[in-house]
$ cat my_file.txt   # compact mmCIF, C-alpha atoms
# COMPACT_ATOMS: atom_id res chain seq x y z
CA MET A 1 100.29 93.08 43.18
CA LEU A 2 101.32 93.23 39.53
CA ALA A 3 104.69 94.73 38.57
CA HIS A 4 102.94 97.54 36.67
CA ASP A 5 101.00 98.53 39.79
CA ARG A 6 104.12 98.42 41.99
CA LYS A 7 106.03 100.64 39.56
CA PHE A 8 103.13 103.09 39.40
CA TYR A 9 103.17 103.34 43.20
CA ILE A 10 106.96 103.73 43.26
CA MET A 11 106.86 106.61 40.75
CA LYS A 12 104.00 108.27 42.64
CA GLN A 13 105.98 108.16 45.88
CA LEU A 14 109.13 109.42 44.17
CA LYS A 15 107.29 112.44 42.77
CA LYS A 16 105.94 113.14 46.23
CA GLU A 17 109.03 112.46 48.33
CA GLY A 18 111.99 112.81 45.95
CA THR A 19 113.70 109.76 47.48
CA ILE A 20 112.41 106.34 48.49
CA GLN A 21 113.86 103.46 50.49
CA VAL A 22 113.55 99.83 49.41
CA LYS A 23 112.64 98.64 52.90
CA GLU A 24 109.82 101.17 53.34
CA ILE A 25 108.29 100.48 49.92
CA ALA A 26 108.47 96.73 50.49
CA GLU A 27 106.64 97.13 53.80
CA TRP A 28 103.96 99.35 52.28
CA LEU A 29 103.34 96.99 49.35
CA LYS A 30 103.71 93.85 51.50
CA THR A 31 106.24 92.31 49.18
CA SER A 32 109.92 91.35 49.39
CA GLU A 33 112.80 93.80 49.23
CA ALA A 34 114.26 91.70 46.39
CA THR A 35 111.12 92.35 44.34
CA ILE A 36 111.34 96.12 44.91
CA ARG A 37 115.04 96.14 44.03
CA ARG A 38 114.19 94.37 40.78
CA ASP A 39 111.47 96.93 40.04
CA LEU A 40 113.91 99.76 40.70
CA MET A 41 116.53 98.17 38.45
CA GLU A 42 113.99 98.00 35.62
CA LEU A 43 112.85 101.59 36.21
CA ASP A 44 116.49 102.67 36.21
CA GLN A 45 117.05 100.92 32.88
CA GLU A 46 113.98 102.70 31.52
CA GLY A 47 115.56 106.02 32.53
CA LYS A 48 112.84 106.87 35.06
CA VAL A 49 114.75 106.64 38.35
CA HIS A 50 118.29 106.87 39.67
CA ARG A 51 119.21 104.06 42.02
CA ILE A 52 121.15 104.86 45.19
CA HIS A 53 122.25 102.70 48.09
CA GLY A 54 119.11 101.29 49.69
CA GLY A 55 116.64 103.07 47.43
CA ALA A 56 116.18 105.45 44.52
CA THR A 57 115.68 109.09 43.58
CA ILE A 58 114.05 110.87 40.67
CA ARG A 59 116.52 110.70 37.77
CA PRO A 60 118.49 113.94 37.51
CA ILE A 61 117.84 116.16 34.50
CA THR A 62 120.51 115.97 31.81
CA GLY A 63 121.27 118.40 29.00
CA ILE A 64 120.20 122.05 28.90
CA LEU A 65 116.87 122.63 30.61
CA THR A 66 114.52 124.76 28.50
CA GLU A 67 110.93 125.91 29.03
CA GLN A 68 109.76 123.21 26.62
CA ALA A 69 111.49 120.53 28.71
CA GLU A 70 110.07 121.67 32.05
CA ILE A 71 107.02 119.81 33.29
CA GLN A 72 103.72 121.58 33.88
CA MET A 73 103.13 123.47 37.12
CA GLN A 74 100.46 121.10 38.40
CA ASP A 75 102.96 118.24 38.06
CA ARG A 76 105.80 120.22 39.65
CA LEU A 77 103.60 120.87 42.66
CA GLN A 78 103.79 117.14 43.42
CA VAL A 79 107.54 116.70 42.90
CA ASN A 80 109.49 116.73 46.19
CA ALA A 81 106.51 118.45 47.83
CA ARG A 82 107.40 117.40 51.39
CA ILE A 83 111.06 118.34 50.87
CA LYS A 84 110.14 121.79 49.52
CA GLU A 85 107.87 122.34 52.53
CA LYS A 86 110.69 121.46 54.92
CA ILE A 87 113.18 123.73 53.11
CA CYS A 88 110.74 126.65 53.25
CA GLU A 89 110.04 126.05 56.92
CA GLU A 90 113.76 126.28 57.66
CA ALA A 91 114.35 129.30 55.42
CA ALA A 92 111.44 131.20 57.00
CA LYS A 93 113.34 131.20 60.29
CA ALA A 94 115.66 133.86 58.81
CA VAL A 95 112.77 136.36 58.61
CA LYS A 96 112.27 138.80 61.47
CA ASP A 97 109.02 140.53 62.39
CA GLY A 98 108.61 143.92 60.72
CA GLU A 99 110.69 143.01 57.67
CA CYS A 100 109.87 143.45 53.98
CA ILE A 101 110.20 140.21 52.04
CA PHE A 102 110.22 139.23 48.37
CA LEU A 103 108.96 135.78 47.39
CA ASP A 104 109.90 134.58 43.91
CA GLY A 105 107.79 132.52 41.53
CA GLY A 106 107.71 128.74 41.43
CA THR A 107 106.75 125.76 43.55
CA SER A 108 109.98 125.81 45.59
CA ILE A 109 109.03 129.20 47.05
CA MET A 110 105.26 128.74 47.39
CA PRO A 111 105.35 126.92 50.79
CA MET A 112 107.11 129.92 52.36
CA ILE A 113 103.77 131.68 52.72
CA HIS A 114 102.58 128.95 55.12
CA TYR A 115 105.21 130.15 57.60
CA LEU A 116 104.97 133.90 56.89
CA ALA A 117 101.29 134.67 56.31
CA ASN A 118 100.46 135.14 60.00
CA ARG A 119 103.46 137.27 60.88
CA PRO A 120 103.65 141.10 61.05
CA ILE A 121 105.67 141.57 57.85
CA LYS A 122 105.25 142.85 54.30
CA VAL A 123 105.41 140.31 51.47
CA VAL A 124 105.83 141.29 47.82
CA THR A 125 105.37 138.62 45.16
CA HIS A 126 104.44 137.98 41.54
CA ASN A 127 103.76 134.31 42.35
CA HIS A 128 100.05 133.55 41.88
CA LEU A 129 100.48 130.16 43.57
CA ILE A 130 101.16 132.08 46.79
CA ILE A 131 98.04 134.20 46.38
CA GLN A 132 95.96 131.05 46.08
CA GLN A 133 97.20 129.91 49.52
CA LEU A 134 96.05 133.02 51.39
CA ASP A 135 93.20 133.11 53.89
CA HIS A 136 92.93 136.33 55.93
CA PRO A 137 96.70 136.78 56.38
CA VAL A 138 98.20 138.93 59.10
CA ALA A 139 101.04 139.87 56.77
CA GLU A 140 100.53 142.69 54.30
CA ILE A 141 100.60 141.09 50.85
CA ILE A 142 101.55 143.17 47.80
CA VAL A 143 100.94 141.48 44.45
CA ILE A 144 102.94 142.58 41.42
CA GLY A 145 100.85 142.88 38.24
CA GLY A 146 101.85 142.50 34.60
CA ASN A 147 101.48 139.85 31.93
CA TYR A 148 100.19 136.53 33.22
CA HIS A 149 102.35 133.47 32.51
CA ALA A 150 99.92 130.55 32.59
CA LYS A 151 102.58 127.82 32.68
CA TYR A 152 104.35 129.31 35.71
CA ASN A 153 101.34 130.96 37.41
CA MET A 154 103.03 134.32 37.79
CA SER A 155 103.17 137.89 36.53
CA TYR A 156 106.06 138.91 34.29
CA GLY A 157 107.10 141.44 31.67
CA PRO A 158 107.82 145.22 31.71
CA VAL A 159 104.87 146.13 33.96
CA ALA A 160 105.93 143.53 36.56
CA GLU A 161 109.57 144.61 36.35
CA ASN A 162 108.74 148.32 36.81
CA GLY A 163 106.40 147.48 39.69
CA LEU A 164 109.08 145.46 41.43
CA ARG A 165 111.60 148.29 41.15
CA MET A 166 109.40 150.38 43.47
CA TYR A 167 110.31 148.28 46.51
CA ASN A 168 113.30 147.54 48.71
CA PHE A 169 113.55 144.31 50.68
CA ASP A 170 115.21 143.05 53.82
CA ARG A 171 115.32 139.56 52.31
CA ALA A 172 114.56 138.01 48.93
CA PHE A 173 113.88 134.30 48.54
CA ILE A 174 114.67 133.12 45.03
CA GLY A 175 113.93 129.93 43.11
CA CYS A 176 115.60 128.62 39.97
CA ALA A 177 115.58 125.83 37.39
CA GLY A 178 119.10 124.62 38.07
CA VAL A 179 122.36 125.24 39.93
CA ASP A 180 125.96 124.39 39.11
CA LEU A 181 127.92 124.58 42.36
CA ASN A 182 131.22 123.99 40.57
CA GLN A 183 130.70 126.89 38.16
CA GLN A 184 128.93 128.89 40.92
CA GLU A 185 126.04 129.72 38.59
CA PHE A 186 122.25 129.42 38.78
CA TYR A 187 119.79 129.27 35.90
CA THR A 188 116.25 129.59 34.63
CA ALA A 189 114.76 127.51 31.82
CA GLU A 190 113.37 130.60 30.09
CA VAL A 191 113.97 134.32 29.82
CA ASP A 192 110.66 135.67 31.21
CA THR A 193 111.54 135.20 34.89
CA LEU A 194 115.20 136.14 34.67
CA GLU A 195 114.98 139.92 35.02
CA LEU A 196 112.53 139.76 37.93
CA LYS A 197 114.99 137.66 39.92
CA ARG A 198 117.81 140.08 39.18
CA ILE A 199 115.75 143.14 40.15
CA ALA A 200 114.61 141.59 43.42
CA MET A 201 118.16 140.60 44.36
CA GLN A 202 119.53 144.05 43.51
CA HIS A 203 116.90 145.63 45.77
CA SER A 204 117.40 143.26 48.71
CA ASN A 205 119.80 143.41 51.65
CA TYR A 206 120.02 139.61 51.89
CA ASN A 207 119.33 137.00 49.24
CA TYR A 208 118.58 133.31 49.64
CA LEU A 209 118.26 130.52 47.08
CA LEU A 210 115.82 127.69 47.76
CA ILE A 211 116.34 124.43 45.85
CA ASP A 212 115.76 120.71 46.17
CA ASP A 213 118.50 118.30 45.13
CA ARG A 214 116.93 117.60 41.72
CA LYS A 215 118.21 121.03 40.66
CA LEU A 216 121.82 120.40 41.61
CA PHE A 217 124.16 120.42 38.60
CA VAL A 218 121.30 121.12 36.19
CA LYS A 219 122.17 123.75 33.58
CA GLY A 220 119.25 125.90 32.47
CA PHE A 221 118.91 127.79 29.21
CA CYS A 222 119.40 131.23 30.82
CA ARG A 223 122.14 132.18 33.28
CA VAL A 224 120.75 134.41 36.05
CA GLY A 225 123.89 135.08 38.08
CA SER A 226 126.41 133.78 40.58
CA THR A 227 125.62 131.64 43.60
CA GLU A 228 128.10 133.86 45.44
CA ASP A 229 125.39 136.54 45.47
CA PHE A 230 123.42 134.53 48.04
CA GLU A 231 123.92 134.78 51.77
CA GLY A 232 122.39 131.33 52.05
CA ILE A 233 121.41 128.41 49.81
CA TYR A 234 118.86 126.03 51.31
CA CYS A 235 118.85 122.45 50.01
CA ASN A 236 117.76 119.08 51.34
CA GLN A 237 120.33 116.52 52.45
CA SER A 238 121.46 114.60 49.38
CA GLU A 239 124.19 112.38 47.96
CA ARG A 240 124.40 114.87 45.09
CA LEU A 241 125.83 117.56 47.37
CA PRO A 242 129.64 117.88 47.23
CA ASN A 243 131.72 116.17 49.92
CA GLU A 244 132.99 119.56 51.07
CA ILE A 245 129.82 121.61 51.41
CA PRO A 246 130.32 125.39 51.01
CA PRO A 247 129.50 127.30 54.21
CA GLN A 248 126.66 129.25 52.57
CA ILE A 249 124.68 126.03 51.98
CA HIS A 250 122.13 125.19 54.66
CA VAL A 251 121.52 121.43 54.50
CA VAL A 252 117.95 120.74 55.55
CA THR A 253 117.40 117.34 57.11
CA ASP A 254 114.09 115.52 57.12
CA GLU A 255 113.67 115.42 60.89
$ encode --input "my_file.txt" --output "structure tokens"
Amino acid sequence: MLAHDRKFYIMKQLKKEGTIQVKEIAEWLKTSEATIRRDLMELDQEGKVHRIHGGATIRPITGILTEQAEIQMQDRLQVNARIKEKICEEAAKAVKDGECIFLDGGTSIMPMIHYLANRPIKVVTHNHLIIQQLDHPVAEIIVIGGNYHAKYNMSYGPVAENGLRMYNFDRAFIGCAGVDLNQQEFYTAEVDTLELKRIAMQHSNYNYLLIDDRKLFVKGFCRVGSTEDFEGIYCNQSERLPNEIPPQIHVVTDE
């Protein structure tokens, strides 16, 4: 297999999995581990991956993340897809039957509906990606209207904000563009989603942040609030997590 084809496969797997191991990729491509390490070194030099012991991850975002810098939704659906699914599966365990739940916009939150749709609960959302997943749900689904944001597949604006203020929630599950655990802040890349997150959190008894490790120590254009406002932060196991993990962080393993 040509180097170009190997690198294409490596990047495809990284977008899907978030992290790859040299040994596994070498076995899949039927080539030597030395060859894969060389490919990863070149990809690292090109700024496309971040090498770690025994493998590589998607290169962390640097600088201030703005809406213009964020990739399109259809591409984000593929990034860390399996990890996001696992995080949502774990976070859904916090929900009890009969509760009223808010699900935020974004691809990190979308998989939650797979674990909630057939439960006797109420779900309020402005996330159109979630609506697209529904097929005769048991849960009562309430969709917030408003302006349609094509890039993020969600409703936003004054109509959405006023609609959201009508409801109170047992639990709100929130996504974001980036988190700084040292500064205890979380961010969006744009202003349109900011107020909806704040309203939902203000109207919820318990709030949870769902992130994958690509969002750790990424500073977005707009500050939403403090990570101290969350009862729990769900994130996959990662070398980017601090050595002393705060008790509110639920580390989700890939098991």
$ residues_near_point --input "my_file.txt" --point "(110.2, 103.1, 49.0)" --cutoff "12 Å" --atoms "all atoms listed in the file" --output "PyMOL selection string"
chain A and resi 6-33+35-37+39-40+51-52+54-57
$ residues_around --input "my_file.txt" --residues "Val95 (chain A)" --least-positions-apart "3" --cutoff "9 Å" --atoms "all atoms listed in the file" --output "list in words"
Ala91, Ala92, Gly98, Glu99, Cys100, Ile101, Leu116, Ile121, Asp170 and Arg171 of chain A
$ atom_distance --input "my_file.txt" --atom1 "CA of Arg240 (chain A)" --atom2 "CA of His4 (chain A)"
28.8 Å
$ closest_residue --input "my_file.txt" --among "A:Asp104, A:Glu195, A:Glu140, A:Asp97" --to "Asn127 (chain A)" --atoms "only C-alpha atoms"
A:Asp104
$ residues_around --input "my_file.txt" --residues "His149 (chain A)" --least-positions-apart "6" --cutoff "12 Å" --atoms "all atoms listed in the file" --output "PyMOL selection string"
chain A and resi 67+73+105-106+126-129+155-157+160+190-193
$ closest_residue --input "my_file.txt" --among "A:Ile109, A:Leu209, A:Val124, A:Ile245" --to "Leu164 (chain A)" --atoms "all atoms listed in the file"
A:Val124
$ closest_residue --input "my_file.txt" --among "A:Leu103, A:Ala3, A:Leu194, A:Ile83" --to "Cys235 (chain A)" --atoms "all atoms listed in the file"
A:Ile83
$ atom_distance --input "my_file.txt" --atom1 "CA of Lys96 (chain A)" --atom2 "CA of Ile130 (chain A)"
19.6 Å
$ atom_distance --input "my_file.txt" --atom1 "CA of Met112 (chain A)" --atom2 "CA of Ile58 (chain A)"
23.4 Å
$ closest_residue --input "my_file.txt" --among "A:Val252, A:Ala117, A:Leu216, A:Val49" --to "Gly178 (chain A)" --atoms "all atoms listed in the file"
A:Leu216
$ closest_residue --input "my_file.txt" --among "A:Ile141, A:Ala81, A:Cys222, A:Val251" --to "Glu185 (chain A)" --atoms "all atoms listed in the file"
A:Cys222
$ residues_around --input "my_file.txt" --residues "Arg223 (chain A)" --least-positions-apart "5" --cutoff "8 Å" --atoms "only C-alpha atoms" --output "ChimeraX atom specification"
/A:185-188
$ write_last_selection --input "my_file.txt" --atoms "C-alpha atoms" --output "CSV table (one decimal), in the coordinates of the input"
chain,number,residue,atom,x,y,z
A,185,GLU,CA,126.0,129.7,38.6
A,186,PHE,CA,122.2,129.4,38.8
A,187,TYR,CA,119.8,129.3,35.9
A,188,THR,CA,116.2,129.6,34.6
$ residues_around --input "my_file.txt" --residues "Glu90 (chain A)" --least-positions-apart "3" --cutoff "12 Å" --atoms "only C-alpha atoms" --output "number ranges by chain"
A: 83-87, 93-95, 109, 111-112, 114-116, 208, 210, 232-236, 250-255
$ write_last_selection --input "my_file.txt" --atoms "C-alpha atoms" --output "PDB file, keeping the file's coordinate frame"
ATOM      1  CA  ILE A  83     111.060 118.340  50.870  1.00  0.00           C
ATOM      2  CA  LYS A  84     110.140 121.790  49.520  1.00  0.00           C
ATOM      3  CA  GLU A  85     107.870 122.340  52.530  1.00  0.00           C
ATOM      4  CA  LYS A  86     110.690 121.460  54.920  1.00  0.00           C
ATOM      5  CA  ILE A  87     113.180 123.730  53.110  1.00  0.00           C
ATOM      6  CA  LYS A  93     113.340 131.200  60.290  1.00  0.00           C
ATOM      7  CA  ALA A  94     115.660 133.860  58.810  1.00  0.00           C
ATOM      8  CA  VAL A  95     112.770 136.360  58.610  1.00  0.00           C
ATOM      9  CA  ILE A 109     109.030 129.200  47.050  1.00  0.00           C
ATOM     10  CA  PRO A 111     105.350 126.920  50.790  1.00  0.00           C
ATOM     11  CA  MET A 112     107.110 129.920  52.360  1.00  0.00           C
ATOM     12  CA  HIS A 114     102.580 128.950  55.120  1.00  0.00           C
ATOM     13  CA  TYR A 115     105.210 130.150  57.600  1.00  0.00           C
ATOM     14  CA  LEU A 116     104.970 133.900  56.890  1.00  0.00           C
ATOM     15  CA  TYR A 208     118.580 133.310  49.640  1.00  0.00           C
ATOM     16  CA  LEU A 210     115.820 127.690  47.760  1.00  0.00           C
ATOM     17  CA  GLY A 232     122.390 131.330  52.050  1.00  0.00           C
ATOM     18  CA  ILE A 233     121.410 128.410  49.810  1.00  0.00           C
ATOM     19  CA  TYR A 234     118.860 126.030  51.310  1.00  0.00           C
ATOM     20  CA  CYS A 235     118.850 122.450  50.010  1.00  0.00           C
ATOM     21  CA  ASN A 236     117.760 119.080  51.340  1.00  0.00           C
ATOM     22  CA  HIS A 250     122.130 125.190  54.660  1.00  0.00           C
ATOM     23  CA  VAL A 251     121.520 121.430  54.500  1.00  0.00           C
ATOM     24  CA  VAL A 252     117.950 120.740  55.550  1.00  0.00           C
ATOM     25  CA  THR A 253     117.400 117.340  57.110  1.00  0.00           C
ATOM     26  CA  ASP A 254     114.090 115.520  57.120  1.00  0.00           C
ATOM     27  CA  GLU A 255     113.670 115.420  60.890  1.00  0.00           C
TER      28      GLU A 255
END
$ closest_residue --input "my_file.txt" --among "A:Pro137, A:Asn182, A:Phe169, A:Val224" --to "Asn207 (chain A)" --atoms "only C-alpha atoms"
A:Phe169
$ axis_aligned_box --input "my_file.txt" --around "region 85-90 of chain A" --padding-each-side "8 Å" --output "lines of an AutoDock Vina configuration file"
center_x = 110.8
center_y = 124.1
center_z = 55.1
size_x = 21.9
size_y = 21.2
size_z = 21.1
